[in-house]
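Note: the block below is start-v7.pdb and it holds PDB, C-alpha atoms.
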ATOM      1  CA  MET A   1     -10.305  12.498 -90.401
ATOM      2  CA  GLY A   2      -6.587  11.837 -90.206
ATOM      3  CA  GLY A   3      -6.319  12.857 -93.841
ATOM      4  CA  LYS A   4      -8.711  10.105 -94.947
ATOM      5  CA  PRO A   5     -12.299  10.325 -96.241
ATOM      6  CA  THR A   6     -14.941   8.875 -93.920
ATOM      7  CA  GLY A   7     -18.176   9.554 -95.805
ATOM      8  CA  ARG A   8     -19.178  12.355 -93.452
ATOM      9  CA  PHE A   9     -20.465  15.737 -94.633
ATOM     10  CA  SER A  10     -18.147  17.694 -92.345
ATOM     11  CA  ASN A  11     -14.479  18.231 -91.512
ATOM     12  CA  GLY A  12     -14.610  15.560 -88.811
ATOM     13  CA  LYS A  13     -17.200  14.020 -86.541
ATOM     14  CA  VAL A  14     -20.941  14.423 -87.050
ATOM     15  CA  PRO A  15     -23.829  14.239 -84.527
ATOM     16  CA  SER A  16     -24.106  10.439 -84.529
ATOM     17  CA  ASP A  17     -20.429  10.200 -83.544
ATOM     18  CA  PHE A  18     -20.767  12.752 -80.758
ATOM     19  CA  ILE A  19     -23.881  11.068 -79.363
ATOM     20  CA  ALA A  20     -22.022   7.736 -79.147
ATOM     21  CA  GLU A  21     -18.993   9.502 -77.665
ATOM     22  CA  GLU A  22     -20.894  11.480 -75.022
ATOM     23  CA  LEU A  23     -22.772   8.353 -73.956
ATOM     24  CA  GLY A  24     -19.420   6.649 -73.397
ATOM     25  CA  ILE A  25     -19.937   3.993 -76.069
ATOM     26  CA  LYS A  26     -17.284   4.733 -78.712
ATOM     27  CA  SER A  27     -15.715   7.698 -80.475
ATOM     28  CA  LEU A  28     -17.019   6.979 -83.981
ATOM     29  CA  LEU A  29     -20.300   5.414 -85.089
ATOM     30  CA  PRO A  30     -19.509   3.341 -88.210
ATOM     31  CA  ALA A  31     -21.761   2.908 -91.213
ATOM     32  CA  TYR A  32     -23.621  -0.395 -91.288
ATOM     33  CA  LEU A  33     -22.389  -0.934 -94.855
ATOM     34  CA  ASP A  34     -18.744  -0.183 -94.016
ATOM     35  CA  PRO A  35     -16.804  -3.148 -95.488
ATOM     36  CA  SER A  36     -14.408  -3.022 -92.533
ATOM     37  CA  LEU A  37     -17.217  -3.218 -89.946
ATOM     38  CA  GLN A  38     -16.282  -5.374 -86.966
ATOM     39  CA  THR A  39     -18.585  -7.840 -85.207
ATOM     40  CA  GLN A  40     -18.356  -5.826 -81.994
ATOM     41  CA  ASP A  41     -19.721  -2.800 -83.847
ATOM     42  CA  LEU A  42     -23.010  -4.642 -84.302
ATOM     43  CA  VAL A  43     -23.268  -4.853 -80.519
ATOM     44  CA  THR A  44     -22.354  -1.236 -79.764
ATOM     45  CA  GLY A  45     -24.160   0.498 -82.623
ATOM     46  CA  VAL A  46     -24.032   1.417 -86.303
ATOM     47  CA  ASN A  47     -25.355   4.101 -88.637
ATOM     48  CA  PHE A  48     -27.909   3.401 -91.383
ATOM     49  CA  ALA A  49     -28.146   6.971 -92.703
ATOM     50  CA  SER A  50     -27.748   7.802 -96.389
ATOM     51  CA  GLY A  51     -26.692  11.327 -97.361
ATOM     52  CA  GLY A  52     -29.357  13.106 -99.397
ATOM     53  CA  ALA A  53     -32.223  10.853 -98.286
ATOM     54  CA  GLY A  54     -35.546  12.063 -96.931
ATOM     55  CA  TYR A  55     -38.864  10.973 -95.510
ATOM     56  CA  ASP A  56     -40.355  11.381 -98.988
ATOM     57  CA  PRO A  57     -39.310   8.431-101.237
ATOM     58  CA  LEU A  58     -39.002  10.884-104.129
ATOM     59  CA  THR A  59     -36.208  12.723-102.308
ATOM     60  CA  SER A  60     -34.092   9.576-102.153
ATOM     61  CA  ASP A  61     -34.913   8.743-105.780
ATOM     62  CA  ILE A  62     -33.760  12.189-106.921
ATOM     63  CA  ALA A  63     -30.450  11.801-105.065
ATOM     64  CA  SER A  64     -30.049   8.082-105.945
ATOM     65  CA  VAL A  65     -29.478   7.150-102.302
ATOM     66  CA  PHE A  66     -30.944   4.657 -99.838
ATOM     67  CA  SER A  67     -34.555   5.488 -99.042
ATOM     68  CA  LEU A  68     -36.284   5.237 -95.684
ATOM     69  CA  SER A  69     -37.619   1.787 -96.603
ATOM     70  CA  ASP A  70     -34.115   0.718 -97.677
ATOM     71  CA  GLN A  71     -32.732   1.837 -94.331
ATOM     72  CA  LEU A  72     -35.479  -0.028 -92.479
ATOM     73  CA  ALA A  73     -34.633  -3.165 -94.468
ATOM     74  CA  MET A  74     -30.989  -2.792 -93.439
ATOM     75  CA  PHE A  75     -32.075  -2.408 -89.814
ATOM     76  CA  LYS A  76     -34.014  -5.681 -90.065
ATOM     77  CA  GLU A  77     -30.955  -7.347 -91.574
ATOM     78  CA  TYR A  78     -28.848  -5.913 -88.758
ATOM     79  CA  ILE A  79     -31.181  -7.427 -86.160
ATOM     80  CA  MET A  80     -30.796 -10.874 -87.726
ATOM     81  CA  LYS A  81     -27.001 -10.515 -87.726
ATOM     82  CA  LEU A  82     -27.037  -9.335 -84.118
ATOM     83  CA  LYS A  83     -29.070 -12.380 -83.104
ATOM     84  CA  GLY A  84     -26.396 -14.540 -84.711
ATOM     85  CA  VAL A  85     -23.717 -12.843 -82.606
ATOM     86  CA  VAL A  86     -25.317 -12.481 -79.158
ATOM     87  CA  GLY A  87     -28.498 -14.550 -79.314
ATOM     88  CA  GLU A  88     -32.165 -13.617 -79.378
ATOM     89  CA  GLU A  89     -32.587 -12.671 -75.711
ATOM     90  CA  ARG A  90     -29.640 -10.273 -75.593
ATOM     91  CA  THR A  91     -30.617  -8.816 -78.966
ATOM     92  CA  SER A  92     -34.041  -7.931 -77.571
ATOM     93  CA  LYS A  93     -32.382  -6.276 -74.571
ATOM     94  CA  ILE A  94     -29.981  -4.300 -76.778
ATOM     95  CA  LEU A  95     -32.820  -3.064 -78.993
ATOM     96  CA  ARG A  96     -34.978  -2.165 -76.000
ATOM     97  CA  GLU A  97     -32.242  -0.210 -74.218
ATOM     98  CA  SER A  98     -30.501   1.401 -77.208
ATOM     99  CA  LEU A  99     -31.086   4.975 -78.303
ATOM    100  CA  VAL A 100     -32.230   5.232 -81.920
ATOM    101  CA  ILE A 101     -31.830   8.649 -83.548
ATOM    102  CA  VAL A 102     -33.811   9.666 -86.639
ATOM    103  CA  VAL A 103     -32.572  12.718 -88.565
ATOM    104  CA  MET A 104     -34.328  13.619 -91.798
ATOM    105  CA  GLY A 105     -36.486  16.201 -93.536
ATOM    106  CA  SER A 106     -34.234  19.046 -94.682
ATOM    107  CA  ASN A 107     -33.599  17.441 -98.075
ATOM    108  CA  ASP A 108     -37.334  16.958 -98.573
ATOM    109  CA  ILE A 109     -37.956  20.679 -98.181
ATOM    110  CA  THR A 110     -34.945  22.149 -99.991
ATOM    111  CA  ASN A 111     -34.190  19.538-102.662
ATOM    112  CA  THR A 112     -37.624  18.120-103.446
ATOM    113  CA  TYR A 113     -40.348  20.633-102.632
ATOM    114  CA  PHE A 114     -38.661  23.933-103.425
ATOM    115  CA  SER A 115     -36.188  22.783-106.102
ATOM    116  CA  THR A 116     -38.463  20.615-108.273
ATOM    117  CA  PRO A 117     -42.077  21.050-109.447
ATOM    118  CA  LEU A 118     -43.025  17.427-108.768
ATOM    119  CA  ARG A 119     -44.607  17.870-105.335
ATOM    120  CA  LYS A 120     -45.806  21.472-105.706
ATOM    121  CA  PHE A 121     -48.378  20.369-108.297
ATOM    122  CA  VAL A 122     -50.026  18.093-105.740
ATOM    123  CA  TYR A 123     -49.281  19.554-102.301
ATOM    124  CA  ASP A 124     -49.252  22.987-100.747
ATOM    125  CA  ILE A 125     -46.740  23.487 -97.931
ATOM    126  CA  PRO A 126     -49.005  22.409 -95.027
ATOM    127  CA  SER A 127     -50.170  19.263 -96.820
ATOM    128  CA  TYR A 128     -46.602  18.364 -97.817
ATOM    129  CA  ALA A 129     -45.557  18.769 -94.188
ATOM    130  CA  ASP A 130     -48.419  16.425 -93.278
ATOM    131  CA  LEU A 131     -47.132  13.906 -95.827
ATOM    132  CA  LEU A 132     -43.630  14.010 -94.355
ATOM    133  CA  VAL A 133     -44.959  13.630 -90.819
ATOM    134  CA  SER A 134     -47.019  10.614 -91.893
ATOM    135  CA  TYR A 135     -43.858   8.958 -93.254
ATOM    136  CA  ALA A 136     -41.981   9.826 -90.061
ATOM    137  CA  SER A 137     -44.793   8.447 -87.910
ATOM    138  CA  SER A 138     -44.926   5.155 -89.797
ATOM    139  CA  PHE A 139     -41.151   4.802 -89.641
ATOM    140  CA  VAL A 140     -40.982   5.399 -85.904
ATOM    141  CA  GLN A 141     -43.768   2.901 -85.261
ATOM    142  CA  ASP A 142     -42.010   0.353 -87.487
ATOM    143  CA  LEU A 143     -38.868   0.808 -85.383
ATOM    144  CA  HIS A 144     -40.876   0.203 -82.231
ATOM    145  CA  GLU A 145     -42.464  -2.946 -83.654
ATOM    146  CA  LEU A 146     -38.958  -4.236 -84.378
ATOM    147  CA  GLY A 147     -38.028  -3.798 -80.715
ATOM    148  CA  SER A 148     -36.770  -0.216 -80.331
ATOM    149  CA  HIS A 149     -38.166   1.596 -77.280
ATOM    150  CA  ARG A 150     -36.006   4.730 -77.072
ATOM    151  CA  ILE A 151     -36.313   6.797 -80.226
ATOM    152  CA  GLY A 152     -35.320  10.438 -80.663
ATOM    153  CA  VAL A 153     -36.475  12.285 -83.774
ATOM    154  CA  PHE A 154     -34.727  15.511 -84.733
ATOM    155  CA  GLY A 155     -36.823  18.410 -85.916
ATOM    156  CA  LEU A 156     -35.750  20.549 -88.849
ATOM    157  CA  PRO A 157     -33.074  23.226 -88.453
ATOM    158  CA  PRO A 158     -33.628  26.804 -89.674
ATOM    159  CA  ILE A 159     -33.089  25.759 -93.298
ATOM    160  CA  GLY A 160     -33.578  29.309 -94.529
ATOM    161  CA  CYS A 161     -30.311  30.270 -92.819
ATOM    162  CA  VAL A 162     -28.002  27.641 -94.307
ATOM    163  CA  PRO A 163     -25.525  29.215 -96.766
ATOM    164  CA  SER A 164     -26.882  27.529 -99.909
ATOM    165  CA  GLN A 165     -30.441  28.725 -99.322
ATOM    166  CA  ARG A 166     -29.233  32.229 -98.468
ATOM    167  CA  THR A 167     -27.371  32.247-101.777
ATOM    168  CA  LEU A 168     -30.319  30.936-103.795
ATOM    169  CA  LYS A 169     -33.191  32.822-102.154
ATOM    170  CA  GLY A 170     -31.739  35.411 -99.768
ATOM    171  CA  GLY A 171     -31.254  38.227-102.273
ATOM    172  CA  LEU A 172     -28.111  40.279-102.867
ATOM    173  CA  LEU A 173     -27.417  40.526 -99.129
ATOM    174  CA  ARG A 174     -27.864  36.754 -98.683
ATOM    175  CA  LYS A 175     -30.207  37.144 -95.733
ATOM    176  CA  CYS A 176     -31.924  34.217 -94.023
ATOM    177  CA  VAL A 177     -35.008  33.154 -95.982
ATOM    178  CA  ASP A 178     -37.831  33.674 -93.496
ATOM    179  CA  SER A 179     -40.392  31.733 -95.540
ATOM    180  CA  TYR A 180     -38.172  28.636 -95.467
ATOM    181  CA  ASN A 181     -37.673  28.959 -91.723
ATOM    182  CA  GLN A 182     -41.441  29.159 -91.320
ATOM    183  CA  VAL A 183     -41.729  25.829 -93.151
ATOM    184  CA  SER A 184     -39.262  24.321 -90.682
ATOM    185  CA  GLN A 185     -41.330  25.604 -87.762
ATOM    186  CA  LEU A 186     -44.572  24.336 -89.294
ATOM    187  CA  PHE A 187     -43.125  20.864 -89.851
ATOM    188  CA  ASN A 188     -41.584  20.790 -86.380
ATOM    189  CA  LYS A 189     -44.906  21.591 -84.704
ATOM    190  CA  LYS A 190     -46.697  18.876 -86.650
ATOM    191  CA  LEU A 191     -43.917  16.361 -85.964
ATOM    192  CA  SER A 192     -43.817  17.161 -82.254
ATOM    193  CA  ASP A 193     -47.591  16.759 -81.956
ATOM    194  CA  GLU A 194     -47.501  13.414 -83.781
ATOM    195  CA  LEU A 195     -44.685  12.036 -81.629
ATOM    196  CA  ASN A 196     -46.549  13.090 -78.477
ATOM    197  CA  PHE A 197     -49.587  11.213 -79.789
ATOM    198  CA  ILE A 198     -47.504   8.073 -80.435
ATOM    199  CA  ASN A 199     -46.005   8.316 -76.954
ATOM    200  CA  ARG A 200     -49.469   8.323 -75.417
ATOM    201  CA  LYS A 201     -50.449   5.359 -77.574
ATOM    202  CA  ILE A 202     -47.315   3.364 -76.636
ATOM    203  CA  PRO A 203     -46.682   4.308 -72.982
ATOM    204  CA  GLU A 204     -43.865   1.784 -72.490
ATOM    205  CA  ALA A 205     -41.766   3.517 -75.158
ATOM    206  CA  ARG A 206     -39.787   6.751 -74.992
ATOM    207  CA  ILE A 207     -40.323   8.416 -78.368
ATOM    208  CA  ASN A 208     -39.275  12.047 -78.210
ATOM    209  CA  TYR A 209     -39.076  15.092 -80.438
ATOM    210  CA  LEU A 210     -35.625  16.718 -80.309
ATOM    211  CA  ASP A 211     -35.613  20.401 -81.200
ATOM    212  CA  MET A 212     -32.817  21.407 -83.551
ATOM    213  CA  TYR A 213     -34.213  24.767 -84.594
ATOM    214  CA  TYR A 214     -33.719  27.387 -81.901
ATOM    215  CA  LEU A 215     -30.162  26.709 -80.737
ATOM    216  CA  PRO A 216     -28.809  26.418 -84.317
ATOM    217  CA  LEU A 217     -30.663  29.625 -85.199
ATOM    218  CA  ASP A 218     -29.059  31.471 -82.298
ATOM    219  CA  LEU A 219     -25.682  30.004 -83.236
ATOM    220  CA  ILE A 220     -26.061  31.278 -86.804
ATOM    221  CA  LEU A 221     -27.365  34.724 -85.831
ATOM    222  CA  ASN A 222     -24.931  35.227 -82.933
ATOM    223  CA  PRO A 223     -21.826  33.148 -83.712
ATOM    224  CA  GLU A 224     -19.509  35.179 -81.456
ATOM    225  CA  LYS A 225     -21.603  34.181 -78.451
ATOM    226  CA  TYR A 226     -20.481  30.575 -79.011
ATOM    227  CA  GLY A 227     -16.868  31.154 -80.012
ATOM    228  CA  PHE A 228     -17.328  31.359 -83.786
ATOM    229  CA  GLY A 229     -16.739  34.185 -86.218
ATOM    230  CA  ILE A 230     -18.376  33.267 -89.550
ATOM    231  CA  SER A 231     -21.854  31.806 -90.012
ATOM    232  CA  ASN A 232     -23.146  32.995 -93.392
ATOM    233  CA  ILE A 233     -20.769  30.962 -95.580
ATOM    234  CA  GLY A 234     -19.096  27.578 -95.296
ATOM    235  CA  CYS A 235     -15.402  26.798 -94.986
ATOM    236  CA  CYS A 236     -14.994  24.846 -98.222
ATOM    237  CA  GLY A 237     -15.144  26.171-101.772
ATOM    238  CA  THR A 238     -16.679  29.628-101.967
ATOM    239  CA  GLY A 239     -18.810  28.633 -98.975
ATOM    240  CA  THR A 240     -21.953  29.805-100.721
ATOM    241  CA  ILE A 241     -23.278  26.835-102.726
ATOM    242  CA  GLU A 242     -20.864  23.864-102.830
ATOM    243  CA  VAL A 243     -21.153  20.518-101.055
ATOM    244  CA  ALA A 244     -19.279  17.202-101.279
ATOM    245  CA  PHE A 245     -16.887  16.833-104.230
ATOM    246  CA  LEU A 246     -17.597  20.394-105.394
ATOM    247  CA  CYS A 247     -15.664  21.634-102.358
ATOM    248  CA  GLN A 248     -12.134  21.744-103.747
ATOM    249  CA  SER A 249     -10.373  24.334-101.593
ATOM    250  CA  THR A 250     -10.867  24.784 -97.856
ATOM    251  CA  CYS A 251     -10.439  27.669 -95.451
ATOM    252  CA  SER A 252      -7.370  27.923 -93.227
ATOM    253  CA  ASN A 253      -9.294  28.754 -90.034
ATOM    254  CA  VAL A 254     -12.102  26.186 -89.830
ATOM    255  CA  SER A 255     -12.575  26.754 -86.084
ATOM    256  CA  GLU A 256     -14.041  30.169 -86.928
ATOM    257  CA  TYR A 257     -16.791  28.668 -89.098
ATOM    258  CA  VAL A 258     -20.220  27.385 -88.111
ATOM    259  CA  PHE A 259     -20.663  25.728 -91.512
ATOM    260  CA  TRP A 260     -18.281  23.307 -93.210
ATOM    261  CA  ASP A 261     -19.948  23.512 -96.632
ATOM    262  CA  SER A 262     -23.050  25.320 -97.834
ATOM    263  CA  PHE A 263     -25.414  22.969 -95.986
ATOM    264  CA  HIS A 264     -23.631  21.091 -93.175
ATOM    265  CA  LEU A 265     -21.961  22.248 -89.974
ATOM    266  CA  THR A 266     -18.358  21.935 -88.843
ATOM    267  CA  GLU A 267     -17.271  19.387 -86.261
ATOM    268  CA  LYS A 268     -16.944  22.167 -83.681
ATOM    269  CA  ALA A 269     -20.516  23.335 -84.257
ATOM    270  CA  TYR A 270     -21.908  19.795 -84.201
ATOM    271  CA  ARG A 271     -20.121  19.084 -80.921
ATOM    272  CA  LEU A 272     -21.725  22.139 -79.320
ATOM    273  CA  LEU A 273     -25.231  21.266 -80.530
ATOM    274  CA  VAL A 274     -25.067  17.607 -79.513
ATOM    275  CA  HIS A 275     -23.738  18.443 -76.053
ATOM    276  CA  GLN A 276     -26.602  20.858 -75.424
ATOM    277  CA  MET A 277     -29.161  18.477 -76.939
ATOM    278  CA  LEU A 278     -28.140  15.568 -74.712
ATOM    279  CA  LYS A 279     -28.095  17.807 -71.643
ATOM    280  CA  GLN A 280     -31.643  18.896 -72.416
ATOM    281  CA  TYR A 281     -33.245  15.644 -73.526
ATOM    282  CA  MET A 282     -31.457  12.598 -72.059
ATOM    283  CA  LYS A 283     -33.721  12.551 -68.998
ATOM    284  CA  ASP A 284     -36.687  11.984 -71.326
ATOM    285  CA  PHE A 285     -35.308   8.606 -72.423
ATOM    286  CA  ILE A 286     -34.888   7.174 -68.930
TER     287      ILE A 286
END
Show me this structure written as structure tokens.
Amino acid sequence: MGGKPTGRFSNGKVPSDFIAEELGIKSLLPAYLDPSLQTQDLVTGVNFASGGAGYDPLTSDIASVFSLSDQLAMFKEYIMKLKGVVGEERTSKILRESLVIVVMGSNDITNTYFSTPLRKFVYDIPSYADLLVSYASSFVQDLHELGSHRIGVFGLPPIGCVPSQRTLKGGLLRKCVDSYNQVSQLFNKKLSDELNFINRKIPEARINYLDMYYLPLDLILNPEKYGFGISNIGCCGTGTIEVAFLCQSTCSNVSEYVFWDSFHLTEKAYRLLVHQMLKQYMKDFI
């Protein structure tokens, strides 16, 4: 943004930024490890995410990024720092009233299960989905034990329709990979059921499943309906397989694209999805 790299897999803001913006908190949600992080940012919110991570520890190991347990450790460290800034009582209030968003799982399916043999030898697809849900469940309950009461967990998008998977498994016509989308739906059902169970077990909390499958699918299949023109390739590189530093050239008309690279959406697409998501789900956190 502004001609400077920000560590975001997009051409601008990503969902965490738009959530903070739409809630009237701030326009950008900084990374917890940002060396220029200000004290006030601890009070108004930070981001612990690590690109390429997953629920499965193996996913983070493969990508050499911060795992789920690493991110939880940073959250604990954050709580201690926050107590030093605003005191224990206000820290408890901030944690209780804040919205915590958990977004993970796509890398587990595409990068770990389908792209390496390491999990296929041990798990079929349903049992691997169960494994991921067990990690998600433990993580959410750990967050609650640390003081978080409002937790939203994103389901998986239609991963069979992202450009990279269409290129790798969609045949010569690069169609959506139905079998991959079915995995997303299977995982989402299991995750939703587990979160509903946790909610019943912890009635004072608001722990909710946030669907990110059906609206993105409609956006990809019917881009013109939402003011886009191109949804089968990304804006950067060839748009078919590249991400991150592999994206050398970029398109001249990014507002026409749903995808920024072969896996992640453009700022315009993220803004649309977050706006609709908050409109649908915010009442569930009150």
Find the residue from A:Ser249, A:Thr266, A:Asn232, A:Gln276 that sits nearest to Pro163 (chain A); use all atoms listed in the file when measuring.
-> A:Asn232
Atom pair CA of Ser64 (chain A) + CA of Asn107 (chain A), distance 12.7 Å
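CA of Asn222 (chain A) to CA of Val258 (chain A) spans 10.5 Å [interatomic distance, one decimal].
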Answer key for the PyMOL selection byres ((chain A and resi 35-42) around 9), residues as a PyMOL selection string = chain A and resi 29-34+43-46+78-79+81-82+85
Using only C-alpha atoms, which of the listed residues (A:Glu97, A:Asp193, A:Glu77, A:Asp108) sits closest to Ser60 (chain A)?
-> A:Asp108
Point-to-point distance from CA of Leu156 (chain A) to CA of Leu246 (chain A), Å rounded to tenths |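 Spanning CA of Leu156 (chain A) to CA of Leu246 (chain A) is a straight-line distance of 24.6 Å.
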Which residues fall under the PyMOL selection byres ((chain A and resi 49) around 12) in this file, as a ChimeraX atom specification?
-> /A:7-9,14-16,29-34,46-48,50-55,60,65-72,74-75,100-104
Which residue gives the smallest distance to Pro126 (chain A) among A:His264, A:Lys13, A:Lys279, A:Lys190, with only C-alpha atoms counted?
-> A:Lys190
Counting all atoms listed in the file, which of A:Glu204, A:Glu267, A:Asp124, A:Asp178 gets nearest to His149 (chain A)?
-> A:Glu204
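Evaluated against the shown file, the PyMOL selection byres ((chain A and resi 247) around 10) gives Gly234, Cys235, Cys236, Gly237, Thr238, Gly239, Ile241, Glu242, Val243, Ala244, Phe245, Leu246, Gln248, Ser249, Thr250, Trp260, Asp261 and Ser262 of chain A.
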Selected residues written out with C-alpha atoms, as a compact mmCIF listing (two decimals), in the coordinates of the input:
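Output contents, as saved in selection_31.txt:
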# COMPACT_ATOMS: atom_id res chain seq x y z
CA GLY A 234 -19.10 27.58 -95.30
CA CYS A 235 -15.40 26.80 -94.99
CA CYS A 236 -14.99 24.85 -98.22
CA GLY A 237 -15.14 26.17 -101.77
CA THR A 238 -16.68 29.63 -101.97
CA GLY A 239 -18.81 28.63 -98.98
CA ILE A 241 -23.28 26.84 -102.73
CA GLU A 242 -20.86 23.86 -102.83
CA VAL A 243 -21.15 20.52 -101.06
CA ALA A 244 -19.28 17.20 -101.28
CA PHE A 245 -16.89 16.83 -104.23
CA LEU A 246 -17.60 20.39 -105.39
CA GLN A 248 -12.13 21.74 -103.75
CA SER A 249 -10.37 24.33 -101.59
CA THR A 250 -10.87 24.78 -97.86
CA TRP A 260 -18.28 23.31 -93.21
CA ASP A 261 -19.95 23.51 -96.63
CA SER A 262 -23.05 25.32 -97.83
Which polymer residues have any atom within 7 Å of an atom of region 214-220 of chain A, counting only C-alpha atoms, with same-chain residues fewer than 4 positions away left out, as number ranges by chain?
-> A: 157-158, 226, 231
Do you know which residues are at most 12 Å from Phe114 (chain A) counting all atoms listed in the file, after dropping those on the same chain fewer than 4 positions away, and could you put them as a list in words?
->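 Near neighbours after the sequence-gap exclusion: Thr59, Ser106, Asn107, Asp108, Ile109, Thr110, Leu118, Arg119, Lys120, Phe121, Tyr123, Asp124, Ile125, Tyr128, Ile159, Gly160, Gln165, Leu168, Lys169, Ser179, Tyr180 and Val183 of chain A.
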Kindly save the residues from that selection, with C-alpha atoms included, as a PDB file, keeping the file's coordinate frame.
ATOM      1  CA  THR A  59     -36.208  12.723-102.308  1.00  0.00           C
ATOM      2  CA  SER A 106     -34.234  19.046 -94.682  1.00  0.00           C
ATOM      3  CA  ASN A 107     -33.599  17.441 -98.075  1.00  0.00           C
ATOM      4  CA  ASP A 108     -37.334  16.958 -98.573  1.00  0.00           C
ATOM      5  CA  ILE A 109     -37.956  20.679 -98.181  1.00  0.00           C
ATOM      6  CA  THR A 110     -34.945  22.149 -99.991  1.00  0.00           C
ATOM      7  CA  LEU A 118     -43.025  17.427-108.768  1.00  0.00           C
ATOM      8  CA  ARG A 119     -44.607  17.870-105.335  1.00  0.00           C
ATOM      9  CA  LYS A 120     -45.806  21.472-105.706  1.00  0.00           C
ATOM     10  CA  PHE A 121     -48.378  20.369-108.297  1.00  0.00           C
ATOM     11  CA  TYR A 123     -49.281  19.554-102.301  1.00  0.00           C
ATOM     12  CA  ASP A 124     -49.252  22.987-100.747  1.00  0.00           C
ATOM     13  CA  ILE A 125     -46.740  23.487 -97.931  1.00  0.00           C
ATOM     14  CA  TYR A 128     -46.602  18.364 -97.817  1.00  0.00           C
ATOM     15  CA  ILE A 159     -33.089  25.759 -93.298  1.00  0.00           C
ATOM     16  CA  GLY A 160     -33.578  29.309 -94.529  1.00  0.00           C
ATOM     17  CA  GLN A 165     -30.441  28.725 -99.322  1.00  0.00           C
ATOM     18  CA  LEU A 168     -30.319  30.936-103.795  1.00  0.00           C
ATOM     19  CA  LYS A 169     -33.191  32.822-102.154  1.00  0.00           C
ATOM     20  CA  SER A 179     -40.392  31.733 -95.540  1.00  0.00           C
ATOM     21  CA  TYR A 180     -38.172  28.636 -95.467  1.00  0.00           C
ATOM     22  CA  VAL A 183     -41.729  25.829 -93.151  1.00  0.00           C
TER      23      VAL A 183
END
Taking all atoms listed in the file into account, which of A:Ser10, A:Ser252, A:Thr116, A:Thr240 comes nearest Val162 (chain A)?
->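 Once distances to Val162 (chain A) are computed over all atoms listed in the file, the minimum belongs to A:Thr240.
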Skip region 131-135 of chain A itself and residues of its chain fewer than 2 positions away, then list as an NGL selection string all residues within 7 Å of it, counting all atoms listed in the file.
-> :A and (55-56 or 127-129 or 137-139 or 190-191)
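Residues lying within 12 Å of Phe197 (chain A), counting all atoms listed in the file and ignoring same-chain neighbours fewer than 4 positions away, are Ser137, Gln141, Lys190, Leu191, Ser192, Asp193, Lys201, Ile202, Pro203, Ala205, Arg206, Ile207, Asn208 and Tyr209 of chain A.
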For Leu265 (chain A), which of A:Cys161, A:Asp130, A:Glu145, A:Thr167 is the closest residue, counting only C-alpha atoms?
->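 Closest to Leu265 (chain A) of all the choices is A:Cys161.
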Contacts of Leu58 (chain A) within 8 Å, only C-alpha atoms, excl. fewer than 3 positions in-chain, as a list in words | Asp61, Ile62 and Thr112 of chain A
